[in-house]
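Here's target03.cif, which has mmCIF, C-alpha atoms and all ligand atoms:
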```
data_structure
#
loop_
_atom_site.label_atom_id
_atom_site.label_comp_id
_atom_site.auth_asym_id
_atom_site.auth_seq_id
_atom_site.Cartn_x
_atom_site.Cartn_y
_atom_site.Cartn_z
CA MET G 72 -15.90 -27.02 3.15
CA GLY G 73 -13.21 -29.36 4.46
CA ALA G 74 -9.48 -28.75 4.77
CA PRO G 75 -7.77 -28.36 1.39
CA GLN G 76 -6.26 -31.49 -0.14
CA ILE G 77 -2.51 -31.00 -0.24
CA PRO G 78 -0.71 -33.30 -2.68
CA LYS G 79 2.61 -34.93 -1.79
CA ARG G 80 4.16 -34.04 -5.17
CA GLN G 81 3.93 -30.96 -7.40
CA MET G 82 5.35 -29.38 -10.55
CA ALA G 83 8.17 -26.82 -10.27
CA MET G 84 10.81 -25.05 -12.33
CA VAL G 85 14.19 -26.01 -10.92
CA VAL G 86 17.68 -24.53 -11.35
CA GLU G 87 19.84 -27.63 -11.07
CA LYS G 88 23.09 -25.97 -12.06
CA THR G 89 23.89 -22.26 -12.26
CA GLY G 90 24.11 -20.99 -15.84
CA GLN G 91 21.99 -23.81 -17.29
CA PRO G 92 18.37 -23.79 -18.47
CA VAL G 93 15.71 -24.32 -15.80
CA VAL G 94 14.06 -27.76 -15.70
CA PHE G 95 10.28 -28.41 -15.42
CA LYS G 96 9.92 -31.38 -13.06
CA GLU G 97 8.00 -32.99 -10.25
CA ILE G 98 9.28 -32.39 -6.72
CA ASP G 99 8.04 -32.94 -3.14
CA VAL G 100 5.64 -30.54 -1.44
CA GLN G 101 7.25 -29.34 1.81
CA GLU G 102 5.53 -29.08 5.20
CA PRO G 103 5.49 -25.72 6.98
CA GLY G 104 7.48 -25.32 10.21
CA PRO G 105 5.85 -23.93 13.40
CA ASP G 106 6.10 -20.25 12.32
CA GLU G 107 5.46 -20.85 8.62
CA VAL G 108 2.56 -21.14 6.20
CA LEU G 109 2.18 -23.21 3.03
CA ILE G 110 0.73 -21.22 0.13
CA ASN G 111 -0.78 -22.72 -3.01
CA ILE G 112 0.80 -20.33 -5.51
CA LYS G 113 -1.57 -19.52 -8.37
CA TYR G 114 0.54 -16.94 -10.20
CA SER G 115 4.09 -15.66 -9.94
CA GLY G 116 5.72 -12.68 -11.59
CA VAL G 117 9.15 -13.17 -13.16
CA CYS G 118 11.69 -10.59 -11.96
CA HIS G 119 15.12 -9.93 -13.47
CA THR G 120 16.50 -10.97 -10.06
CA ASP G 121 15.37 -14.53 -10.89
CA LEU G 122 17.53 -14.35 -14.01
CA HIS G 123 20.51 -13.08 -11.98
CA ALA G 124 19.99 -16.18 -9.76
CA VAL G 125 19.97 -18.54 -12.75
CA ASN G 126 23.06 -16.86 -14.23
CA GLY G 127 24.81 -16.75 -10.85
CA ASP G 128 26.12 -13.27 -11.63
CA TRP G 129 25.81 -11.70 -8.16
CA PRO G 130 28.46 -11.94 -5.40
CA LEU G 131 26.00 -14.00 -3.29
CA ASP G 132 25.50 -17.76 -3.76
CA THR G 133 22.05 -19.29 -4.25
CA LYS G 134 20.96 -22.59 -2.77
CA LEU G 135 21.15 -25.47 -5.26
CA PRO G 136 19.06 -27.07 -6.56
CA LEU G 137 16.86 -23.98 -6.45
CA VAL G 138 13.23 -23.17 -7.13
CA GLY G 139 13.33 -19.47 -8.08
CA GLY G 140 10.58 -16.85 -7.92
CA HIS G 141 9.54 -14.21 -5.38
CA GLU G 142 6.40 -12.55 -6.71
CA GLY G 143 3.95 -15.33 -5.80
CA ALA G 144 0.25 -14.84 -5.15
CA GLY G 145 -2.00 -17.62 -3.91
CA VAL G 146 -4.08 -19.20 -1.16
CA VAL G 147 -2.94 -20.37 2.29
CA VAL G 148 -3.48 -24.14 2.56
CA ALA G 149 -1.61 -25.03 5.78
CA ARG G 150 -0.09 -23.26 8.76
CA GLY G 151 2.38 -24.15 11.51
CA SER G 152 1.37 -24.62 15.15
CA ASN G 153 2.50 -21.12 16.22
CA VAL G 154 0.62 -19.28 13.48
CA THR G 155 -2.61 -17.79 14.79
CA ASP G 156 -3.27 -14.72 12.63
CA VAL G 157 -3.47 -16.37 9.21
CA GLU G 158 -6.43 -18.53 8.27
CA ILE G 159 -6.57 -21.43 5.83
CA GLY G 160 -8.14 -19.97 2.67
CA ASP G 161 -6.66 -16.49 3.15
CA HIS G 162 -5.09 -14.95 0.05
CA ALA G 163 -1.42 -14.18 0.51
CA GLY G 164 1.73 -13.18 -1.32
CA VAL G 165 5.28 -14.50 -1.07
CA LYS G 166 7.83 -11.68 -1.34
CA TRP G 167 11.62 -11.58 -1.80
CA ILE G 168 11.98 -11.29 1.98
CA ASN G 169 10.71 -14.73 2.99
CA GLY G 170 11.62 -14.35 6.65
CA THR G 171 13.90 -12.42 9.03
CA CYS G 172 14.97 -12.81 12.67
CA LEU G 173 12.61 -10.04 13.91
CA ALA G 174 15.04 -9.35 16.77
CA CYS G 175 18.20 -7.65 15.41
CA ASP G 176 18.76 -3.86 15.30
CA PHE G 177 17.47 -3.67 11.73
CA CYS G 178 14.36 -5.77 12.30
CA GLN G 179 13.55 -3.69 15.39
CA GLN G 180 13.71 -0.46 13.41
CA SER G 181 11.57 -1.80 10.52
CA ASP G 182 14.56 -2.22 8.23
CA GLU G 183 14.03 -5.96 8.03
CA PRO G 184 15.46 -6.27 4.49
CA LEU G 185 18.82 -5.42 6.13
CA CYS G 186 18.58 -8.34 8.62
CA SER G 187 21.73 -10.47 8.25
CA LYS G 188 19.62 -13.62 8.76
CA ALA G 189 17.05 -12.72 6.09
CA LEU G 190 15.80 -15.68 4.06
CA LEU G 191 15.40 -14.73 0.39
CA SER G 192 12.60 -16.37 -1.61
CA GLY G 193 13.82 -18.04 -4.77
CA TYR G 194 17.45 -17.45 -3.81
CA THR G 195 18.46 -18.81 -0.38
CA VAL G 196 15.16 -20.70 0.11
CA ASP G 197 12.85 -22.18 -2.55
CA GLY G 198 10.50 -19.65 -4.08
CA THR G 199 7.33 -19.31 -6.10
CA PHE G 200 8.01 -21.18 -9.35
CA GLN G 201 6.26 -24.17 -7.80
CA GLN G 202 2.66 -24.88 -6.85
CA TYR G 203 3.17 -24.94 -3.07
CA CYS G 204 5.59 -22.54 -1.41
CA ILE G 205 6.61 -21.95 2.20
CA ALA G 206 7.05 -18.55 3.85
CA LYS G 207 7.32 -17.20 7.39
CA ALA G 208 3.84 -16.12 8.47
CA ALA G 209 5.19 -12.80 9.84
CA HIS G 210 6.38 -11.77 6.38
CA ILE G 211 3.72 -12.89 3.92
CA ALA G 212 1.77 -10.15 2.15
CA ARG G 213 -1.87 -10.13 3.24
CA LEU G 214 -4.07 -9.85 0.16
CA HIS G 215 -7.72 -8.77 0.18
CA LYS G 216 -9.90 -11.30 -1.61
CA ASP G 217 -11.03 -8.65 -4.12
CA ILE G 218 -7.47 -8.43 -5.53
CA ALA G 219 -6.82 -10.36 -8.77
CA LEU G 220 -4.01 -12.84 -8.08
CA ASP G 221 -2.47 -12.59 -11.56
CA ALA G 222 -2.29 -8.78 -11.74
CA VAL G 223 -1.02 -8.37 -8.18
CA ALA G 224 1.90 -10.79 -8.58
CA PRO G 225 4.34 -8.21 -10.05
CA VAL G 226 3.50 -5.80 -7.23
CA LEU G 227 4.97 -8.27 -4.69
CA CYS G 228 8.54 -7.41 -5.67
CA ALA G 229 8.57 -4.84 -8.48
CA GLY G 230 5.74 -2.71 -7.07
CA ILE G 231 6.95 -2.70 -3.48
CA THR G 232 10.53 -1.99 -4.56
CA VAL G 233 9.76 1.00 -6.78
CA TYR G 234 7.26 2.46 -4.32
CA LYS G 235 9.95 2.35 -1.63
CA ALA G 236 12.56 3.81 -4.02
CA LEU G 237 10.25 6.71 -4.90
CA LYS G 238 9.77 7.41 -1.18
CA GLU G 239 13.55 7.21 -0.67
CA SER G 240 14.03 9.73 -3.51
CA GLY G 241 12.32 12.42 -1.44
CA ALA G 242 10.62 13.75 -4.59
CA ARG G 243 7.47 15.72 -3.78
CA PRO G 244 4.19 16.03 -5.69
CA GLY G 245 4.64 18.07 -8.85
CA GLN G 246 8.35 17.29 -9.11
CA THR G 247 9.98 15.27 -11.90
CA VAL G 248 11.60 11.85 -11.61
CA ALA G 249 13.58 10.10 -14.35
CA ILE G 250 12.87 6.35 -14.45
CA VAL G 251 15.86 4.60 -16.03
CA GLY G 252 14.92 1.14 -17.35
CA ALA G 253 11.31 2.35 -17.63
CA GLY G 254 10.21 -0.30 -20.12
CA GLY G 255 10.91 -3.29 -17.86
CA GLY G 256 9.00 -4.79 -14.94
CA LEU G 257 10.18 -2.42 -12.20
CA GLY G 258 10.22 0.57 -14.53
CA SER G 259 6.65 0.16 -15.74
CA LEU G 260 5.34 -0.03 -12.18
CA ALA G 261 7.58 2.88 -11.14
CA GLN G 262 5.80 5.17 -13.58
CA GLN G 263 2.39 4.14 -12.25
CA TYR G 264 3.38 4.60 -8.60
CA ALA G 265 5.01 7.93 -9.40
CA LYS G 266 1.83 9.10 -11.11
CA ALA G 267 -0.29 7.98 -8.15
CA MET G 268 2.08 9.91 -5.85
CA GLY G 269 1.66 13.11 -7.89
CA LEU G 270 5.08 12.98 -9.55
CA ARG G 271 5.88 13.60 -13.23
CA THR G 272 8.10 11.09 -15.00
CA ILE G 273 10.64 11.01 -17.81
CA ALA G 274 11.04 7.43 -19.07
CA ILE G 275 14.44 6.22 -20.28
CA ASP G 276 14.74 2.91 -22.15
CA THR G 277 14.90 1.79 -25.77
CA GLY G 278 12.57 0.75 -28.62
CA ASP G 279 9.27 1.95 -30.04
CA ASP G 280 7.16 -0.62 -28.12
CA LYS G 281 8.53 0.58 -24.81
CA LYS G 282 8.17 4.23 -25.88
CA LYS G 283 4.50 3.68 -26.72
CA MET G 284 3.85 1.82 -23.46
CA CYS G 285 5.59 4.46 -21.32
CA THR G 286 4.02 7.54 -22.89
CA GLU G 287 0.57 6.26 -23.89
CA GLN G 288 -0.19 3.73 -21.13
CA LEU G 289 1.94 4.50 -18.10
CA GLY G 290 1.81 8.29 -17.97
CA SER G 291 5.35 9.51 -18.71
CA TYR G 292 5.40 12.90 -20.45
CA ALA G 293 8.73 12.22 -22.17
CA PHE G 294 10.66 9.20 -23.41
CA ILE G 295 14.37 9.17 -24.13
CA ASP G 296 15.76 6.27 -26.14
CA PHE G 297 19.20 5.57 -24.69
CA ALA G 298 20.26 3.71 -27.86
CA LYS G 299 19.37 6.64 -30.13
CA SER G 300 20.36 9.62 -27.99
CA GLN G 301 23.63 11.29 -29.01
CA ASN G 302 23.96 13.00 -25.63
CA LEU G 303 21.81 11.43 -22.95
CA VAL G 304 22.78 13.87 -20.20
CA LYS G 305 21.74 16.87 -22.32
CA ASP G 306 18.56 15.19 -23.55
CA VAL G 307 17.36 14.34 -20.03
CA GLN G 308 18.01 17.88 -18.80
CA ALA G 309 16.32 19.36 -21.87
CA ALA G 310 13.22 17.29 -21.08
CA THR G 311 12.69 19.30 -17.88
CA GLU G 312 10.93 22.67 -18.07
CA ASP G 313 13.84 24.82 -16.88
CA GLY G 314 16.56 22.57 -18.32
CA LEU G 315 18.06 21.90 -14.89
CA GLY G 316 17.26 18.20 -14.82
CA PRO G 317 14.90 15.94 -12.86
CA HIS G 318 14.56 16.25 -9.06
CA ALA G 319 15.29 12.57 -8.70
CA VAL G 320 16.46 9.57 -10.71
CA VAL G 321 15.35 6.00 -10.01
CA LEU G 322 17.77 3.57 -11.66
CA VAL G 323 16.15 0.21 -12.41
CA ALA G 324 18.25 -0.60 -15.48
CA VAL G 325 20.25 -3.79 -15.85
CA ASN G 326 23.35 -2.16 -17.35
CA GLU G 327 26.20 -0.29 -15.71
CA LYS G 328 26.31 2.71 -18.05
CA PRO G 329 23.24 4.59 -16.75
CA PHE G 330 24.68 4.30 -13.22
CA GLN G 331 27.61 6.37 -14.52
CA GLN G 332 25.42 9.10 -16.02
CA ALA G 333 22.65 9.86 -13.54
CA ALA G 334 24.59 12.13 -11.19
CA GLU G 335 25.46 14.30 -14.18
CA TYR G 336 21.89 15.07 -15.24
CA VAL G 337 20.10 15.12 -11.88
CA ARG G 338 19.05 18.58 -10.70
CA PRO G 339 21.08 20.44 -8.06
CA ARG G 340 19.97 19.13 -4.61
CA GLY G 341 18.61 16.11 -6.47
CA THR G 342 18.74 12.46 -5.46
CA VAL G 343 19.88 9.42 -7.43
CA VAL G 344 18.35 6.18 -6.15
CA CYS G 345 20.06 2.95 -7.26
CA VAL G 346 17.77 -0.09 -7.44
CA GLY G 347 18.90 -2.20 -10.42
CA LEU G 348 21.70 -4.67 -9.75
CA PRO G 349 23.72 -5.15 -12.95
CA ALA G 350 26.42 -7.77 -12.49
CA GLY G 351 29.82 -6.45 -11.43
CA ALA G 352 28.77 -2.81 -11.86
CA TYR G 353 30.25 0.25 -10.18
CA LEU G 354 28.75 3.66 -9.60
CA ARG G 355 30.59 6.68 -10.95
CA ALA G 356 29.95 10.37 -10.38
CA PRO G 357 32.09 13.45 -10.99
CA VAL G 358 33.19 14.64 -7.53
CA PHE G 359 33.22 18.33 -8.51
CA GLU G 360 29.62 18.42 -9.80
CA THR G 361 28.36 16.12 -7.05
CA VAL G 362 29.74 18.52 -4.42
CA ILE G 363 28.74 21.84 -5.92
CA LYS G 364 25.29 20.54 -6.92
CA MET G 365 24.80 18.89 -3.49
CA VAL G 366 23.72 15.64 -5.10
CA THR G 367 22.61 12.65 -2.99
CA ILE G 368 23.36 9.13 -4.25
CA LYS G 369 21.80 6.19 -2.41
CA GLY G 370 20.67 2.58 -2.68
CA SER G 371 17.18 1.22 -2.07
CA TYR G 372 16.41 -2.44 -1.41
CA VAL G 373 12.86 -3.87 -1.66
CA GLY G 374 10.68 -2.56 1.19
CA ASN G 375 9.65 -3.41 4.74
CA ARG G 376 6.28 -4.89 5.71
CA LYS G 377 4.67 -1.47 6.00
CA ASP G 378 5.97 -0.35 2.58
CA SER G 379 4.57 -3.61 1.22
CA ALA G 380 1.13 -3.06 2.74
CA GLU G 381 1.07 0.54 1.44
CA ALA G 382 2.12 -0.48 -2.09
CA LEU G 383 -0.55 -3.19 -2.11
CA GLU G 384 -3.20 -0.71 -0.94
CA PHE G 385 -2.42 1.62 -3.88
CA PHE G 386 -2.93 -1.40 -6.13
CA ARG G 387 -6.18 -2.48 -4.45
CA ARG G 388 -7.60 1.02 -4.98
CA GLY G 389 -7.15 0.52 -8.72
CA VAL G 390 -4.68 3.35 -9.37
CA ILE G 391 -1.77 1.08 -10.39
CA LYS G 392 -2.13 -0.62 -13.78
CA ALA G 393 0.94 -2.02 -15.49
CA PRO G 394 0.94 -4.38 -18.46
CA PHE G 395 1.62 -8.07 -17.88
CA GLN G 396 1.34 -11.25 -19.94
CA VAL G 397 0.42 -14.65 -18.48
CA VAL G 398 2.00 -17.92 -19.71
CA GLY G 399 2.37 -21.38 -18.16
CA LEU G 400 5.06 -22.08 -15.55
CA SER G 401 6.62 -24.59 -17.96
CA GLU G 402 7.50 -21.68 -20.30
CA LEU G 403 9.77 -19.94 -17.80
CA GLN G 404 12.95 -20.49 -19.84
CA MET G 405 11.39 -18.66 -22.82
CA ILE G 406 10.83 -15.66 -20.50
CA TYR G 407 14.45 -15.74 -19.33
CA ASP G 408 15.67 -15.83 -22.94
CA LYS G 409 13.59 -12.75 -23.82
CA MET G 410 14.60 -10.98 -20.62
CA GLN G 411 18.28 -11.55 -21.33
CA GLN G 412 17.78 -9.72 -24.65
CA GLY G 413 15.88 -6.84 -23.02
CA ALA G 414 12.89 -7.80 -25.17
CA ILE G 415 10.14 -7.70 -22.54
CA ALA G 416 7.92 -4.61 -22.24
CA GLY G 417 6.37 -4.78 -18.75
CA ARG G 418 6.22 -8.08 -16.85
CA TYR G 419 5.60 -11.78 -17.47
CA VAL G 420 3.51 -13.71 -14.97
CA VAL G 421 3.46 -17.52 -14.86
CA ASP G 422 0.36 -19.61 -14.13
CA THR G 423 1.53 -22.52 -11.94
CA SER G 424 -1.28 -24.82 -13.12
CA LYS G 425 0.25 -25.05 -16.63
P1 LIG Q 501 13.71 -5.96 -16.69
O1 LIG Q 501 14.60 -6.85 -17.48
O2 LIG Q 501 12.24 -6.20 -16.71
O3 LIG Q 501 13.93 -4.44 -17.08
C1 LIG Q 501 15.20 -3.85 -17.21
C2 LIG Q 501 15.09 -2.72 -18.23
O4 LIG Q 501 16.33 -2.00 -18.26
C3 LIG Q 501 14.82 -3.20 -19.66
O5 LIG Q 501 13.62 -2.62 -20.16
C4 LIG Q 501 16.06 -2.74 -20.43
O6 LIG Q 501 15.76 -2.35 -21.78
C5 LIG Q 501 16.48 -1.54 -19.59
N1 LIG Q 501 17.85 -1.07 -19.85
C6 LIG Q 501 18.94 -1.80 -20.19
N2 LIG Q 501 20.00 -0.98 -20.39
C7 LIG Q 501 19.56 0.28 -20.16
C8 LIG Q 501 20.18 1.58 -20.25
N3 LIG Q 501 21.45 1.71 -20.59
N4 LIG Q 501 19.42 2.66 -19.97
C9 LIG Q 501 18.12 2.54 -19.65
N5 LIG Q 501 17.48 1.35 -19.58
C10 LIG Q 501 18.20 0.23 -19.83
O7 LIG Q 501 14.25 -6.06 -15.17
P2 LIG Q 501 13.45 -5.80 -13.79
O8 LIG Q 501 12.78 -7.07 -13.38
O9 LIG Q 501 12.68 -4.55 -13.90
O10 LIG Q 501 14.70 -5.61 -12.78
C11 LIG Q 501 15.60 -4.55 -12.94
C12 LIG Q 501 16.78 -4.67 -12.01
O11 LIG Q 501 16.35 -4.39 -10.66
C13 LIG Q 501 17.44 -6.05 -11.94
O12 LIG Q 501 18.85 -5.88 -11.85
C14 LIG Q 501 16.90 -6.63 -10.65
O13 LIG Q 501 17.72 -7.62 -10.09
C15 LIG Q 501 16.86 -5.39 -9.79
N6 LIG Q 501 15.98 -5.46 -8.61
C16 LIG Q 501 16.38 -4.79 -7.51
C17 LIG Q 501 15.56 -4.77 -6.39
C18 LIG Q 501 15.97 -4.02 -5.16
O14 LIG Q 501 15.38 -4.23 -4.12
N7 LIG Q 501 16.94 -3.11 -5.23
C19 LIG Q 501 14.34 -5.43 -6.41
C20 LIG Q 501 13.94 -6.08 -7.57
C21 LIG Q 501 14.77 -6.09 -8.69
ZN ZN Q 502 12.31 -9.06 -7.74
#
```
Could I get this structure in the form of structure tokens?
Ligand code: NAD
Ligand code: ZN
Amino acid sequence: MGAPQIPKRQMAMVVEKTGQPVVFKEIDVQEPGPDEVLINIKYSGVCHTDLHAVNGDWPLDTKLPLVGGHEGAGVVVARGSNVTDVEIGDHAGVKWINGTCLACDFCQQSDEPLCSKALLSGYTVDGTFQQYCIAKAAHIARLHKDIALDAVAPVLCAGITVYKALKESGARPGQTVAIVGAGGGLGSLAQQYAKAMGLRTIAIDTGDDKKKMCTEQLGSYAFIDFAKSQNLVKDVQAATEDGLGPHAVVLVAVNEKPFQQAAEYVRPRGTVVCVGLPAGAYLRAPVFETVIKMVTIKGSYVGNRKDSAEALEFFRRGVIKAPFQVVGLSELQMIYDKMQQGAIAGRYVVDTSK
């Protein structure tokens, strides 16, 4: 077997201007720098973060033109001169954290997502909606060859992120966690990780499809439809055995409202973990109840390399199964249109060969 043939040109989905549809076009294949690898992306998950990048609705500018995507799974086809621990032919994943300085306070204490020099795949550097993508060798996800590259793609952001958020929640086996935005990409994986970690889940989202998926496929014992509930706070508390509310809440919704409600229904001593990033949103909590219930409210942002390896190991063992649909890369705009309407149950994955 000789070295892989790397073409000079490739197909990609490009954001040329913020707020406009993505364009399917041919672009150059880049060469990896000394500490980088080039990965032939086979599949990439589509995260709501990619839609935030297209819409330009966060207070952080993207590069332009931009190739989005940060849940890419594929095969290493080239490596820089300083890379010695990754082989050509290895299976690898490109995550949101494409690279960090590895030297600052945060990198030293394994909080590399907090590195001020972090490169973000599909946001500040080109990501995985192309056939050949570059990442820093130190940060790629190492994938066993027995892992299916299509099914693992959503784990590379959504899976890692919710696994980390569940750890940050401090919830212990047997306790109850409310997953808010349960029918989406992060939410569906959150229920599976929670189950694997011995936690019970209450799913909050809307629509009968999502209800069916959450209760029949993903393991939640209750589903609360936020669009139908007359009093969400009461309904969530009533779904817990003693009526005192869930021990933790993981917020992965893309609207502000649930971020204003969670502190009201979480159990005394409970923890609210904010993960979703709705544009321009603010948190709100009643000071009186927050104090006398000793509520903790915190943020959680992707995961470090160890969280990533742990989340991937759960997946490799076969205990994480979340629904996903595969379509060609050229259909990315259709996915964004559905995502904007909240009409996706689970995750879409794109096949970069189509
Ligand atoms: P998604 O579009 O797949 O799912 C979002 C879900 O939220 C949908 O099912 C929608 O119906 C639901 N929702 C909307 N309003 C709601 C409400 N009022 N109550 C309950 N549910 C509601 O999105 P996703 O890919 O799962 O991403 C979710 C969010 O997480 C995005 O804002 C994304 O940018 C963010 N994110 C954060 C991190 C992090 O590290 N903190 C990592 C990845 C993604
Ligand atoms: Zn993501």
Item checked: Contacts of stretch 371-387 of chain G within 7 Å, all atoms listed in the file, excl. fewer than 3 positions in-chain, as a list in words ->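 Close residues of stretch 371-387 of chain G: Ser181, Asp182, Glu183, Pro184, His210, Ile218, Cys228, Gly230, Ile231, Thr232, Tyr234, Lys235, Ala236, Val344, Cys345, Val346, Val390 and Ile391 of chain G.
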Got time to write the residues from that selection, C-alpha atoms, as a JSON list (two decimals), keeping the file's coordinate frame?
```json
[["chain", "number", "residue", "atom", "x", "y", "z"],
["G", 181, "SER", "CA", 11.57, -1.80, 10.52],
["G", 182, "ASP", "CA", 14.56, -2.22, 8.23],
["G", 183, "GLU", "CA", 14.03, -5.96, 8.03],
["G", 184, "PRO", "CA", 15.46, -6.27, 4.49],
["G", 210, "HIS", "CA", 6.38, -11.77, 6.38],
["G", 218, "ILE", "CA", -7.47, -8.43, -5.53],
["G", 228, "CYS", "CA", 8.54, -7.41, -5.67],
["G", 230, "GLY", "CA", 5.74, -2.71, -7.07],
["G", 231, "ILE", "CA", 6.95, -2.70, -3.48],
["G", 232, "THR", "CA", 10.53, -1.99, -4.56],
["G", 234, "TYR", "CA", 7.26, 2.46, -4.32],
["G", 235, "LYS", "CA", 9.95, 2.35, -1.63],
["G", 236, "ALA", "CA", 12.56, 3.81, -4.02],
["G", 344, "VAL", "CA", 18.35, 6.18, -6.15],
["G", 345, "CYS", "CA", 20.06, 2.95, -7.26],
["G", 346, "VAL", "CA", 17.77, -0.09, -7.44],
["G", 390, "VAL", "CA", -4.68, 3.35, -9.37],
["G", 391, "ILE", "CA", -1.77, 1.08, -10.39]]
```
Closest-contact table, chain G side, partner ligand LIG 501 (chain Q), 6 Å, counting only C-alpha atoms and all ligand atoms, as JSON lines:
```
{"residue": "G:Cys118", "atom": "CA", "partner": "Q:LIG501", "partner_atom": "O8", "distance": 3.9}
{"residue": "G:His119", "atom": "CA", "partner": "Q:LIG501", "partner_atom": "O8", "distance": 3.7}
{"residue": "G:Thr120", "atom": "CA", "partner": "Q:LIG501", "partner_atom": "O13", "distance": 3.6}
{"residue": "G:Cys228", "atom": "CA", "partner": "Q:LIG501", "partner_atom": "C20", "distance": 5.9}
{"residue": "G:Ala229", "atom": "CA", "partner": "Q:LIG501", "partner_atom": "C20", "distance": 5.6}
{"residue": "G:Thr232", "atom": "CA", "partner": "Q:LIG501", "partner_atom": "O14", "distance": 5.4}
{"residue": "G:Val251", "atom": "CA", "partner": "Q:LIG501", "partner_atom": "C9", "distance": 4.7}
{"residue": "G:Gly252", "atom": "CA", "partner": "Q:LIG501", "partner_atom": "N5", "distance": 3.4}
{"residue": "G:Gly254", "atom": "CA", "partner": "Q:LIG501", "partner_atom": "O5", "distance": 4.1}
{"residue": "G:Gly255", "atom": "CA", "partner": "Q:LIG501", "partner_atom": "O3", "distance": 3.3}
{"residue": "G:Gly256", "atom": "CA", "partner": "Q:LIG501", "partner_atom": "O9", "distance": 3.8}
{"residue": "G:Leu257", "atom": "CA", "partner": "Q:LIG501", "partner_atom": "O9", "distance": 3.7}
{"residue": "G:Gly258", "atom": "CA", "partner": "Q:LIG501", "partner_atom": "O9", "distance": 5.7}
{"residue": "G:Ile275", "atom": "CA", "partner": "Q:LIG501", "partner_atom": "C9", "distance": 5.2}
{"residue": "G:Asp276", "atom": "CA", "partner": "Q:LIG501", "partner_atom": "N5", "distance": 4.1}
{"residue": "G:Thr277", "atom": "CA", "partner": "Q:LIG501", "partner_atom": "O6", "distance": 5.8}
{"residue": "G:Phe297", "atom": "CA", "partner": "Q:LIG501", "partner_atom": "N4", "distance": 5.5}
{"residue": "G:Val323", "atom": "CA", "partner": "Q:LIG501", "partner_atom": "C11", "distance": 4.8}
{"residue": "G:Ala324", "atom": "CA", "partner": "Q:LIG501", "partner_atom": "O4", "distance": 3.7}
{"residue": "G:Val325", "atom": "CA", "partner": "Q:LIG501", "partner_atom": "O12", "distance": 4.7}
{"residue": "G:Asn326", "atom": "CA", "partner": "Q:LIG501", "partner_atom": "N2", "distance": 4.7}
{"residue": "G:Lys328", "atom": "CA", "partner": "Q:LIG501", "partner_atom": "N3", "distance": 5.6}
{"residue": "G:Pro329", "atom": "CA", "partner": "Q:LIG501", "partner_atom": "N3", "distance": 5.1}
{"residue": "G:Val346", "atom": "CA", "partner": "Q:LIG501", "partner_atom": "N7", "distance": 3.8}
{"residue": "G:Gly347", "atom": "CA", "partner": "Q:LIG501", "partner_atom": "O11", "distance": 3.4}
{"residue": "G:Leu348", "atom": "CA", "partner": "Q:LIG501", "partner_atom": "O12", "distance": 3.7}
{"residue": "G:Pro349", "atom": "CA", "partner": "Q:LIG501", "partner_atom": "O12", "distance": 5.0}
{"residue": "G:Ser371", "atom": "CA", "partner": "Q:LIG501", "partner_atom": "N7", "distance": 5.4}
{"residue": "G:Tyr372", "atom": "CA", "partner": "Q:LIG501", "partner_atom": "O14", "distance": 3.4}
{"residue": "G:Val373", "atom": "CA", "partner": "Q:LIG501", "partner_atom": "O14", "distance": 3.5}
{"residue": "G:Met410", "atom": "CA", "partner": "Q:LIG501", "partner_atom": "O1", "distance": 5.2}
{"residue": "G:Gly413", "atom": "CA", "partner": "Q:LIG501", "partner_atom": "O6", "distance": 4.7}
```
Checklist line | Option closest in space to G:Met84, from G:Gly314, G:Asp422, G:Asp161, G:Leu403 [counting all atoms listed in the file] | finding: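 The shortest atom-to-atom distance to G:Met84 comes from G:Leu403.
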Margin query: From the options G:Thr311, G:Val108, G:Ala352, G:Val362, which residue's atoms come nearest to G:Ala334, counting only C-alpha atoms?
Written below: G:Val362
Next item on the list: Can you work out the spacing between atom CA of G:Gln288 and atom CA of G:Gln246 in Å, to one decimal?
Entry: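 It comes out at 20.0 Å.
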Next item on the list: Have a look at G:Gln396, G:Ser115, G:Gln263, G:Thr171 and name the one nearest to ligand ZN 502 (chain Q); count only C-alpha atoms and all ligand atoms.
Entry: G:Ser115
Next item on the list: Name the residues in contact with G:Asp296 at a cut-off of 9 Å, using all atoms listed in the file, excluding same-chain residues fewer than 3 positions from it; report them as a list in words.
Entry: Ala274, Ile275, Asp276, Thr277, Gly278, Asp279, Lys282, Lys299, Ser300 and Leu303 of chain G
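Our summary of the geometry notes that atom CA of G:Val420 is positioned 10.4 Å from atom CA of G:Ala144.
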Notebook entry, point to check: If we count all atoms listed in the file, what is near G:Pro394 at a cut-off of 12 Å, once residues fewer than 6 positions away on the same chain are taken out, given as a list in words?
Noted result: Gly116, Asp221, Ala222, Val223, Ala224, Pro225, Val226, Gly254, Gly255, Gly256, Leu257, Gly258, Ser259, Leu260, Gln262, Gln263, Lys281, Met284, Cys285, Glu287, Gln288, Leu289, Ile415, Ala416, Gly417, Arg418, Tyr419 and Val420 of chain G
Note to self: Around the point (26.4, 15.7, -11.1) (coordinates from the file), which residues reach within 12 Å if we count only C-alpha atoms? Answer as a PyMOL selection string.
What the structure shows: chain G and resi 304+308+315-317+319-320+330-343+355-368
Checklist line | Between atom CA of G:Ile98 and atom CA of G:Val421 - distance in Å to one decimal | finding: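 Between atom CA of G:Val421 and atom CA of G:Ile98 the gap works out to 17.9 Å.
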